[in-house]
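Data file: final30.pdb. Format and content: PDB, C-alpha atoms.
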ATOM      1  CA  MET G   1       9.899   5.999   5.691
ATOM      2  CA  GLU G   2      11.013   8.971   3.613
ATOM      3  CA  SER G   3      12.684   6.974   0.844
ATOM      4  CA  ARG G   4       9.526   7.074  -1.259
ATOM      5  CA  ARG G   5       9.728   8.755  -4.623
ATOM      6  CA  ARG G   6       8.401  12.255  -4.660
ATOM      7  CA  GLY G   7       7.013  14.275  -7.507
ATOM      8  CA  LYS G   8       9.258  16.809  -9.186
ATOM      9  CA  ARG G   9       8.667  20.519  -9.085
ATOM     10  CA  SER G  10       8.083  22.282 -12.362
ATOM     11  CA  ARG G  11       9.431  25.750 -13.138
ATOM     12  CA  GLU G  12       6.275  27.248 -11.666
ATOM     13  CA  GLY G  13       6.944  25.473  -8.355
ATOM     14  CA  VAL G  14       3.873  23.241  -8.616
ATOM     15  CA  ARG G  15       4.482  19.661  -7.562
ATOM     16  CA  GLN G  16       3.924  17.139 -10.335
ATOM     17  CA  MET G  17       3.136  13.560  -9.382
ATOM     18  CA  SER G  18       5.290  10.848 -10.850
ATOM     19  CA  ALA G  19       3.330   8.015 -12.373
ATOM     20  CA  LEU G  20       3.017   4.672 -10.649
ATOM     21  CA  SER G  21       5.270   1.979 -12.043
ATOM     22  CA  GLU G  22       3.768  -1.080 -13.706
ATOM     23  CA  ARG G  23       4.597  -3.164 -10.618
ATOM     24  CA  GLU G  24       2.947  -0.627  -8.286
ATOM     25  CA  THR G  25      -0.152  -0.615 -10.476
ATOM     26  CA  ARG G  26      -0.207  -4.421 -10.403
ATOM     27  CA  VAL G  27       0.089  -4.416  -6.590
ATOM     28  CA  LEU G  28      -2.926  -2.102  -6.277
ATOM     29  CA  SER G  29      -4.885  -4.180  -8.762
ATOM     30  CA  PHE G  30      -4.016  -7.398  -6.949
ATOM     31  CA  GLU G  31      -5.061  -5.947  -3.596
ATOM     32  CA  ARG G  32      -8.355  -4.817  -5.104
ATOM     33  CA  HIS G  33      -9.188  -8.264  -6.552
ATOM     34  CA  TRP G  34      -7.313 -10.941  -4.576
ATOM     35  CA  TRP G  35     -10.315 -12.055  -2.507
ATOM     36  CA  ARG G  36     -11.978 -13.382  -5.653
ATOM     37  CA  GLN G  37      -9.255 -15.971  -6.067
ATOM     38  CA  PRO G  38      -9.171 -19.348  -4.336
ATOM     39  CA  GLY G  39      -6.299 -20.279  -2.053
ATOM     40  CA  ALA G  40      -3.966 -18.463   0.269
ATOM     41  CA  LYS G  41      -3.195 -14.833  -0.425
ATOM     42  CA  GLU G  42       0.535 -15.333   0.195
ATOM     43  CA  GLN G  43       0.713 -17.991  -2.507
ATOM     44  CA  ALA G  44      -1.181 -15.777  -4.954
ATOM     45  CA  ILE G  45       1.236 -12.919  -4.217
ATOM     46  CA  SER G  46       4.152 -15.139  -5.090
ATOM     47  CA  ASP G  47       2.502 -16.684  -8.163
ATOM     48  CA  GLN G  48       1.085 -13.505  -9.685
ATOM     49  CA  LEU G  49       3.548 -10.817  -8.629
ATOM     50  CA  GLY G  50       6.764 -12.737  -8.055
ATOM     51  CA  LEU G  51       7.189 -11.124  -4.629
ATOM     52  CA  SER G  52       7.537 -12.538  -1.155
ATOM     53  CA  ALA G  53       4.588 -11.729   1.097
ATOM     54  CA  THR G  54       6.861  -9.583   3.276
ATOM     55  CA  ARG G  55       8.073  -7.490   0.345
ATOM     56  CA  TYR G  56       4.513  -7.186  -0.999
ATOM     57  CA  TYR G  57       3.204  -5.786   2.280
ATOM     58  CA  GLN G  58       6.168  -3.419   2.601
ATOM     59  CA  MET G  59       5.533  -2.133  -0.902
ATOM     60  CA  LEU G  60       1.784  -1.839  -0.343
ATOM     61  CA  ASN G  61       2.274   0.042   2.933
ATOM     62  CA  GLU G  62       4.576   2.571   1.253
ATOM     63  CA  LEU G  63       2.342   2.781  -1.795
ATOM     64  CA  ILE G  64      -0.834   3.766   0.059
ATOM     65  CA  ASP G  65       0.926   6.857   1.416
ATOM     66  CA  ARG G  66       1.642   8.179  -2.080
ATOM     67  CA  PRO G  67      -0.662  10.714  -3.733
ATOM     68  CA  GLU G  68      -0.277   8.845  -7.029
ATOM     69  CA  ALA G  69      -1.893   5.770  -5.484
ATOM     70  CA  MET G  70      -4.706   7.892  -4.051
ATOM     71  CA  ALA G  71      -5.298   9.375  -7.495
ATOM     72  CA  ALA G  72      -5.255   5.932  -9.131
ATOM     73  CA  ASP G  73      -7.687   4.215  -6.729
ATOM     74  CA  PRO G  74      -9.003   6.447  -3.936
ATOM     75  CA  VAL G  75     -11.565   3.962  -2.596
ATOM     76  CA  LEU G  76      -9.000   1.183  -2.192
ATOM     77  CA  VAL G  77      -6.321   3.460  -0.736
ATOM     78  CA  LYS G  78      -8.700   4.994   1.810
ATOM     79  CA  ARG G  79      -9.885   1.532   2.874
ATOM     80  CA  LEU G  80      -6.321   0.286   3.282
ATOM     81  CA  ARG G  81      -5.334   3.394   5.263
ATOM     82  CA  ARG G  82      -8.321   2.885   7.591
ATOM     83  CA  GLN G  83      -7.380  -0.774   8.123
ATOM     84  CA  ARG G  84      -3.774   0.168   8.873
ATOM     85  CA  ALA G  85      -4.849   2.866  11.339
ATOM     86  CA  ARG G  86      -7.186   0.402  13.073
ATOM     87  CA  ARG G  87      -4.404  -2.178  13.425
ATOM     88  CA  GLU G  88      -2.070   0.505  14.821
ATOM     89  CA  ARG G  89      -4.689   1.543  17.397
ATOM     90  CA  ILE G  90      -5.131  -2.091  18.459
ATOM     91  CA  ARG G  91      -1.366  -2.593  18.836
ATOM     92  CA  THR G  92      -1.053   0.639  20.824
ATOM     93  CA  ALA G  93      -3.930  -0.334  23.107
ATOM     94  CA  ARG G  94      -2.356  -3.737  23.771
ATOM     95  CA  GLY G  95       0.970  -2.116  24.641
ATOM     96  CA  GLU G  96      -0.627   0.328  27.061
ATOM     97  CA  GLY G  97      -2.638  -2.380  28.781
ATOM     98  CA  GLY G  98       0.464  -4.350  29.678
ATOM     99  CA  ALA G  99      -0.715  -7.401  27.759
ATOM    100  CA  ALA G 100       1.815  -9.174  25.584
TER     101      ALA G 100
END

Let me see the structure of the file written as structure tokens.
Amino acid sequence: MESRRRGKRSREGVRQMSALSERETRVLSFERHWWRQPGAKEQAISDQLGLSATRYYQMLNELIDRPEAMAADPVLVKRLRRQRARRERIRTARGEGGAA
């Protein structure tokens, strides 16, 4: 999805990264620490971030593609990208095998 915010170019033509919003920073922080909390993740998303689980995962998926997120927490972002790639490979393999 190309609707993500992009950094602006300065006069010298060098791309400057826009900062993460407070909500985006909170999403990354939540994803980093959620496993320490008791209960269902979806309920914690709603309680702590005021987002539906669907919107949270949409936001997180877009966020991990941004260089600002990589700069803010490279270990987390790389882990999440690996997990996403693994899930995509599994879905692709299922589709090619004819299984539903």

Exercise for the section: Skip Leu63 in chain G itself and residues of its chain fewer than 2 positions away, then list as a PyMOL selection string all residues within 12 Å of it, counting only C-alpha atoms. Expected result: chain G and resi 1-6+19-21+23-28+31+55-61+65-73+76-78+80-81

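Between CA of Gly50 in chain G and CA of Phe30 in chain G the separation is 12.1 Å.
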
Practice task
Have a look at G:Val75, G:Ser29, G:Arg86, G:Ala53 and name the one nearest to Lys41 in chain G; count all atoms listed in the file.
Solution key: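 Nearest to Lys41 in chain G: G:Ala53.
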
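Between CA of Arg87 in chain G and CA of Glu42 in chain G there is a distance of 19.3 Å.
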